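The file work_29.txt comes next; it holds compact mmCIF, C-alpha atoms.
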# COMPACT_ATOMS: atom_id res chain seq x y z
CA MET A 13 0.00 0.00 0.00
CA ASN A 14 1.77 3.13 -1.27
CA LEU A 15 -0.90 5.53 -0.08
CA PRO A 16 0.36 8.35 2.21
CA ILE A 17 -0.90 7.77 5.75
CA SER A 18 -0.97 9.91 8.87
CA PHE A 19 -1.99 9.41 12.49
CA GLU A 20 -3.77 11.55 15.06
CA PHE A 21 -2.98 11.51 18.79
CA PHE A 22 -4.34 13.46 21.74
CA PRO A 23 -2.10 14.89 24.51
CA PRO A 24 -1.85 12.46 27.43
CA LYS A 25 -3.01 13.74 30.82
CA THR A 26 -0.73 11.65 33.06
CA PRO A 27 2.92 10.51 33.05
CA GLU A 28 1.66 6.92 32.54
CA GLY A 29 -0.36 8.10 29.55
CA ALA A 30 2.73 9.82 28.13
CA ASP A 31 4.79 6.62 28.48
CA LYS A 32 2.04 4.57 26.84
CA LEU A 33 1.73 7.04 23.95
CA ARG A 34 5.49 6.89 23.38
CA VAL A 35 5.24 3.12 22.89
CA THR A 36 2.18 3.55 20.63
CA ARG A 37 4.00 6.10 18.47
CA GLN A 38 7.04 3.88 18.05
CA ALA A 39 4.80 1.00 16.92
CA LEU A 40 3.02 3.23 14.38
CA TYR A 41 6.20 4.87 13.06
CA ALA A 42 7.00 1.49 11.48
CA HIS A 43 4.31 2.38 8.91
CA ARG A 44 6.24 5.50 7.83
CA PRO A 45 3.55 8.13 8.32
CA GLU A 46 3.76 11.36 6.35
CA PHE A 47 3.02 13.18 9.61
CA CYS A 48 1.38 12.75 13.03
CA SER A 49 -1.14 15.30 14.29
CA VAL A 50 -1.85 16.25 17.90
CA THR A 51 -5.23 17.59 19.05
CA PHE A 52 -5.80 20.87 20.86
CA GLY A 53 -8.38 21.50 23.60
CA ALA A 54 -11.06 24.19 23.32
CA GLY A 55 -9.81 27.56 24.50
CA GLY A 56 -6.25 26.21 24.58
CA SER A 57 -6.99 24.02 27.63
CA THR A 58 -4.45 21.43 26.46
CA GLN A 59 -2.05 23.79 24.71
CA GLU A 60 0.89 22.88 26.93
CA GLY A 61 0.23 19.16 26.47
CA THR A 62 -0.27 19.61 22.72
CA PHE A 63 2.96 21.53 22.23
CA GLY A 64 4.84 19.05 24.43
CA THR A 65 3.61 16.05 22.42
CA VAL A 66 4.36 17.84 19.13
CA LYS A 67 7.91 18.50 20.39
CA ASP A 68 8.33 14.80 21.30
CA ILE A 69 7.24 13.69 17.81
CA LEU A 70 9.61 16.13 16.11
CA GLU A 71 12.47 14.92 18.32
CA GLU A 72 11.63 11.35 17.26
CA GLY A 73 12.32 12.40 13.66
CA VAL A 74 8.71 12.49 12.41
CA GLU A 75 6.85 15.50 11.02
CA ALA A 76 4.24 16.77 13.49
CA ALA A 77 1.08 18.69 12.68
CA CYS A 78 -0.23 20.81 15.53
CA HIS A 79 -3.99 21.27 15.85
CA PHE A 80 -4.69 24.94 16.29
CA SER A 81 -8.11 26.16 17.42
CA CYS A 82 -9.18 29.79 17.60
CA VAL A 83 -12.23 29.81 19.90
CA GLY A 84 -11.81 32.72 22.31
CA ALA A 85 -8.36 33.54 20.91
CA THR A 86 -7.02 37.00 20.16
CA GLN A 87 -4.68 37.97 17.34
CA ALA A 88 -1.97 38.55 19.94
CA THR A 89 -2.28 35.05 21.47
CA VAL A 90 -2.38 33.39 18.05
CA ARG A 91 0.64 35.41 16.89
CA ALA A 92 2.59 34.30 19.99
CA GLN A 93 1.61 30.64 19.53
CA LEU A 94 2.62 30.72 15.85
CA ALA A 95 6.01 32.13 16.83
CA THR A 96 6.46 29.33 19.41
CA LEU A 97 5.56 26.64 16.86
CA ARG A 98 7.87 28.06 14.21
CA ALA A 99 10.72 28.12 16.72
CA MET A 100 10.00 24.45 17.51
CA GLY A 101 10.32 23.57 13.82
CA VAL A 102 6.63 22.84 13.19
CA LYS A 103 5.76 23.13 9.49
CA ARG A 104 2.19 21.84 9.45
CA LEU A 105 -0.95 23.07 11.23
CA VAL A 106 -4.51 21.77 11.42
CA ALA A 107 -6.50 25.03 11.64
CA LEU A 108 -9.87 24.67 13.36
CA ARG A 109 -12.46 26.92 14.91
CA GLY A 110 -12.67 24.51 17.83
CA ASP A 111 -15.69 23.48 19.88
CA LEU A 112 -17.69 26.28 21.44
CA PRO A 113 -17.96 25.68 25.20
CA SER A 114 -21.57 25.36 26.37
CA GLY A 115 -23.29 28.73 26.72
CA TYR A 116 -20.43 30.39 24.85
CA GLY A 117 -21.23 33.04 22.23
CA MET A 118 -19.02 33.95 19.30
CA GLY A 119 -16.40 35.60 21.52
CA GLY A 120 -12.78 36.23 20.61
CA GLU A 121 -11.39 37.83 17.48
CA PHE A 122 -11.84 34.78 15.24
CA HIS A 123 -15.38 33.60 14.52
CA TYR A 124 -14.62 30.95 11.90
CA ALA A 125 -11.74 28.68 10.93
CA SER A 126 -11.48 30.68 7.67
CA ASP A 127 -10.61 33.78 9.77
CA LEU A 128 -7.81 31.81 11.42
CA VAL A 129 -6.48 30.45 8.11
CA ALA A 130 -6.42 33.93 6.57
CA PHE A 131 -4.62 35.34 9.63
CA ILE A 132 -1.97 32.58 9.64
CA ARG A 133 -1.30 33.17 5.94
CA ALA A 134 -1.11 36.97 6.40
CA GLU A 135 1.26 36.61 9.38
CA THR A 136 3.51 33.76 8.25
CA GLY A 137 3.25 33.53 4.45
CA ASP A 138 3.99 29.98 3.35
CA ALA A 139 5.79 28.97 6.57
CA PHE A 140 3.07 26.39 7.34
CA HIS A 141 1.22 23.73 5.39
CA ILE A 142 -2.34 24.37 6.59
CA GLU A 143 -4.87 21.55 6.89
CA VAL A 144 -8.55 22.29 7.54
CA ALA A 145 -11.45 20.05 8.57
CA ALA A 146 -14.05 18.71 6.13
CA TYR A 147 -17.43 17.18 6.99
CA PRO A 148 -18.70 14.66 4.41
CA GLU A 149 -21.89 14.20 6.46
CA ILE A 150 -22.29 17.95 7.14
CA HIS A 151 -21.06 19.84 10.21
CA PRO A 152 -23.57 19.34 13.05
CA GLN A 153 -23.96 23.11 13.47
CA ALA A 154 -24.24 23.96 9.75
CA LYS A 155 -27.40 25.81 8.68
CA SER A 156 -27.67 23.59 5.59
CA ALA A 157 -25.63 21.23 3.41
CA GLU A 158 -25.05 24.05 0.91
CA ALA A 159 -23.89 26.44 3.66
CA ASP A 160 -21.46 23.80 4.90
CA LEU A 161 -19.95 23.28 1.43
CA ASN A 162 -19.57 27.04 1.01
CA ALA A 163 -17.95 27.35 4.45
CA PHE A 164 -15.42 24.68 3.43
CA ALA A 165 -14.68 26.46 0.16
CA THR A 166 -14.16 29.72 2.09
CA LYS A 167 -11.58 28.03 4.34
CA VAL A 168 -9.67 26.73 1.34
CA ARG A 169 -9.76 30.08 -0.46
CA ALA A 170 -8.43 31.71 2.72
CA GLY A 171 -5.22 29.73 2.18
CA ALA A 172 -5.59 26.07 3.20
CA ASN A 173 -3.36 23.53 1.41
CA SER A 174 -5.41 20.42 2.09
CA ALA A 175 -8.19 18.98 4.24
CA ILE A 176 -8.80 16.04 6.55
CA THR A 177 -12.36 14.80 6.97
CA GLN A 178 -14.33 13.94 10.05
CA TYR A 179 -14.50 10.15 10.25
CA PHE A 180 -17.29 8.39 8.39
CA PHE A 181 -18.42 4.85 7.62
CA ASN A 182 -20.24 5.56 4.37
CA ALA A 183 -17.74 5.94 1.51
CA GLU A 184 -20.45 7.42 -0.73
CA ALA A 185 -20.76 10.43 1.60
CA TYR A 186 -17.04 11.13 1.12
CA PHE A 187 -17.16 10.72 -2.67
CA ARG A 188 -20.22 12.98 -2.89
CA PHE A 189 -18.54 15.65 -0.73
CA VAL A 190 -15.41 15.68 -2.89
CA ALA A 191 -17.50 15.87 -6.09
CA ASP A 192 -19.51 18.77 -4.66
CA VAL A 193 -16.47 20.83 -3.60
CA ARG A 194 -14.81 20.23 -6.97
CA LYS A 195 -17.90 21.81 -8.57
CA LEU A 196 -17.21 24.87 -6.38
CA GLY A 197 -13.70 25.06 -7.85
CA VAL A 198 -11.94 23.64 -4.77
CA GLU A 199 -9.05 21.46 -5.92
CA VAL A 200 -7.04 20.80 -2.72
CA PRO A 201 -6.55 17.18 -1.59
CA VAL A 202 -9.34 16.01 0.75
CA VAL A 203 -7.91 13.17 2.86
CA PRO A 204 -10.45 10.81 4.45
CA GLY A 205 -10.26 10.53 8.24
CA ILE A 206 -10.78 6.99 9.52
CA MET A 207 -11.76 5.85 13.03
CA PRO A 208 -10.98 2.20 13.83
CA ILE A 209 -13.83 0.53 15.73
CA THR A 210 -12.60 -0.93 19.02
CA SER A 211 -15.42 -0.08 21.46
CA SER A 212 -19.10 0.31 20.63
CA THR A 213 -20.01 2.57 23.58
CA GLN A 214 -17.11 4.94 22.87
CA LEU A 215 -17.95 5.03 19.17
CA MET A 216 -21.65 5.80 19.75
CA ARG A 217 -20.76 8.57 22.21
CA PHE A 218 -18.25 10.22 19.87
CA SER A 219 -20.49 9.88 16.83
CA ASP A 220 -23.51 11.39 18.55
CA ALA A 221 -21.36 14.34 19.66
CA CYS A 222 -19.67 15.08 16.31
CA GLY A 223 -22.43 14.26 13.86
CA ALA A 224 -20.74 11.24 12.26
CA GLU A 225 -23.40 8.77 11.18
CA ILE A 226 -23.11 5.14 12.20
CA PRO A 227 -25.08 3.20 9.55
CA ARG A 228 -27.98 1.29 11.08
CA TRP A 229 -26.57 -2.11 10.15
CA ILE A 230 -23.26 -1.34 11.92
CA ARG A 231 -25.03 0.06 14.99
CA LEU A 232 -27.30 -3.00 15.29
CA ARG A 233 -24.44 -5.45 14.81
CA LEU A 234 -22.41 -3.67 17.50
CA GLN A 235 -25.37 -3.64 19.89
CA GLY A 236 -25.89 -7.34 19.20
CA PHE A 237 -22.38 -8.14 20.43
CA GLY A 238 -23.18 -6.69 23.87
CA ASP A 239 -20.03 -6.85 26.02
CA ASP A 240 -18.21 -9.29 23.71
CA THR A 241 -15.19 -7.06 23.06
CA ALA A 242 -13.39 -9.67 20.92
CA SER A 243 -16.33 -9.83 18.49
CA ILE A 244 -16.65 -6.02 18.44
CA LYS A 245 -12.95 -5.67 17.56
CA SER A 246 -13.06 -8.43 14.93
CA PHE A 247 -16.16 -6.95 13.28
CA GLY A 248 -14.62 -3.44 13.49
CA LEU A 249 -11.45 -4.59 11.73
CA ASP A 250 -13.47 -6.13 8.88
CA VAL A 251 -15.66 -3.04 8.43
CA ILE A 252 -12.83 -0.50 8.51
CA THR A 253 -10.44 -2.54 6.34
CA ASP A 254 -13.20 -2.84 3.73
CA LEU A 255 -13.87 0.92 3.91
CA CYS A 256 -10.15 1.73 3.49
CA ALA A 257 -9.90 -0.71 0.57
CA GLN A 258 -12.81 1.08 -1.18
CA LEU A 259 -11.13 4.45 -0.62
CA GLN A 260 -7.75 3.19 -1.78
CA ALA A 261 -9.28 1.69 -4.95
CA ALA A 262 -10.91 5.04 -5.69
CA GLY A 263 -7.53 6.81 -5.57
CA VAL A 264 -7.87 8.94 -2.44
CA PRO A 265 -4.87 11.21 -1.73
CA GLY A 266 -4.10 9.55 1.63
CA ILE A 267 -5.72 8.15 4.78
CA HIS A 268 -5.63 9.80 8.21
CA PHE A 269 -6.21 7.48 11.18
CA TYR A 270 -7.80 8.69 14.41
CA THR A 271 -5.80 6.31 16.60
CA MET A 272 -7.23 7.24 20.03
CA ASN A 273 -3.61 6.74 21.22
CA GLN A 274 -3.79 3.02 20.44
CA ALA A 275 -1.65 1.17 17.89
CA GLY A 276 -3.27 -2.28 17.63
CA ALA A 277 -6.32 -1.74 15.41
CA THR A 278 -4.62 0.71 13.02
CA THR A 279 -1.62 -1.62 12.65
CA GLU A 280 -3.85 -4.61 11.85
CA ILE A 281 -5.91 -2.61 9.30
CA LEU A 282 -2.71 -1.51 7.55
CA ARG A 283 -1.37 -5.09 7.59
CA ARG A 284 -4.56 -6.36 5.96
CA LEU A 285 -4.55 -3.63 3.32
CA ARG A 286 -0.96 -4.44 2.39
CA ALA A 287 -1.71 -8.18 2.32
CA GLY A 288 -4.83 -7.57 0.22
As structure tokens, what does this structure read like?
Amino acid sequence: MNLPISFEFFPPKTPEGADKLRVTRQALYAHRPEFCSVTFGAGGSTQEGTFGTVKDILEEGVEAACHFSCVGATQATVRAQLATLRAMGVKRLVALRGDLPSGYGMGGEFHYASDLVAFIRAETGDAFHIEVAAYPEIHPQAKSAEADLNAFATKVRAGANSAITQYFFNAEAYFRFVADVRKLGVEVPVVPGIMPITSSTQLMRFSDACGAEIPRWIRLRLQGFGDDTASIKSFGLDVITDLCAQLQAAGVPGIHFYTMNQAGATTEILRRLRAG
């Protein structure tokens, strides 16, 4: 499998978590990722942890992409963070609006991810490769499907180089999204984001929160397994390997894995794709 791949991690909260993530990263580096991204908490709540994990990845000789959210941020704070990241040697950012905390209005100097992208470009020129988020099944807070497509196009025109999608289980939703943005004149690579299935309760919780649809047949099969984790993992590997194989056959520009700081499922999916 010659497709470019990348992995997402979240900053660990404990020293034990940091040790575990180090082991996970080493296992996944064997697959020669193009880069590894690190998530960023709303309002910068995990900024220190994010920057620390990004620094670790860079020191391990792998390109790191730092998630960068602008909820509640000011131009001054963003300018300072960009300077810090440049000094660290970061060359890739994932520019996001970030989740609005509950009861939070549109505070701060950046209301949309497109505002952040435009500011980064104006401040730093081409110093960063900027990734933005894409939502094949429509952002949960979008006014309409058309508004969501236009918002994506606005982000790209503001200066984004490429996009990574929210995870999905319906390949047709991804293909339709790409076709629709191409009609709007958006030509940047749109890399599918993939979430391995290892726990049904975790998956349902995440999907309900972020608007990713779990097809009814997958949901019912997972529910049918109850607490049988071995069957859930086995079924999840089959479903996600098949999805990745469809995407690969269609010539996608890469695959981005949401690893949840685990190596096992992603490693097995990649092994199967290479064997297939």
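Among the candidates A:Ser219, A:Ser18, A:Thr89, A:Thr62, the one nearest to Tyr179 in chain A when counting all atoms listed in the file is A:Ser219.
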TODO: Could you tell me which of A:Gly205, A:Gly197, A:Gly84, A:Pro152 comes closest to Ala175 in chain A if we count all atoms listed in the file?
DONE: A:Gly205
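Residue nearest Lys103 in chain A within the list A:Ile17, A:Leu196, A:Ile142, A:Val203: A:Ile142 [criterion: smallest interatomic distance, all atoms listed in the file].
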Report the centre and edge lengths, in Å to one decimal, of an axis-aligned box enclosing every atom of range 128-140 of chain A listed in the file, padded by 8 Å on each side, as AutoDock Vina command-line options.
--center_x -1.0 --center_y 31.7 --center_z 7.4 --size_x 29.6 --size_y 26.6 --size_z 24.1
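Note that the spacing between CA of Val106 in chain A and CA of Ser212 in chain A amounts to 27.5 Å.
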- [ ] Take CA of Val66 in chain A and CA of Phe52 in chain A and report the distance between them in Å, one decimal.
- [x] 10.7 Å
TODO: Could you check which of A:Gln258, A:Glu143, A:Lys67, A:Gly263 is closest to Arg98 in chain A, using all atoms listed in the file?
DONE: A:Lys67
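A straight line drawn from CA of Pro16 in chain A to CA of Val202 in chain A is 12.4 Å long.
Of the listed residues (A:Glu225, A:Glu135, A:Glu280, A:Asp192), A:Glu225 comes nearest to Glu149 in chain A; the distances count only C-alpha atoms.
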- [ ] Name the closest residue to Phe131 in chain A among the candidates A:Lys155, A:Arg217, A:Lys195, A:Arg91; distances are taken between atoms, counting all atoms listed in the file.
- [x] A:Arg91
Task: Residue contacts of Gly223 in chain A (10 Å, all atoms listed in the file) excluding same-chain residues fewer than 5 positions away, as number ranges by chain - done: A: 147, 149-153, 178-180, 218
TODO: Quick one: everything within 9 Å of Val193 in chain A, counting only C-alpha atoms, minus sequence neighbours fewer than 5 positions away in the same chain. Send it as number ranges by chain.
DONE: A: 161-162, 164-165, 188, 198-199
- [ ] Just the residues within 10 Å of Phe140 in chain A, please, counting all atoms listed in the file, with nothing from its chain fewer than 6 positions along; format it as an MDAnalysis selection string.
- [x] chainID A and resid 77 94 97:98 102:106 132:133 172:173
Open item on the list: Within 9 Å of (-17.6, 30.7, 9.8) (file coordinates; only C-alpha atoms), which protein or nucleic acid residues are there? I'd like them as a PyMOL selection string.
Closed with: chain A and resi 109+122-127+163+166-167
- [ ] Neighbourhood query: residues within 10 Å of (0.1, 25.7, 23.8), file coordinates, counting only C-alpha atoms; return as a PyMOL selection string.
- [x] chain A and resi 52-53+56-64+78-80+89-90+92-94+96-97
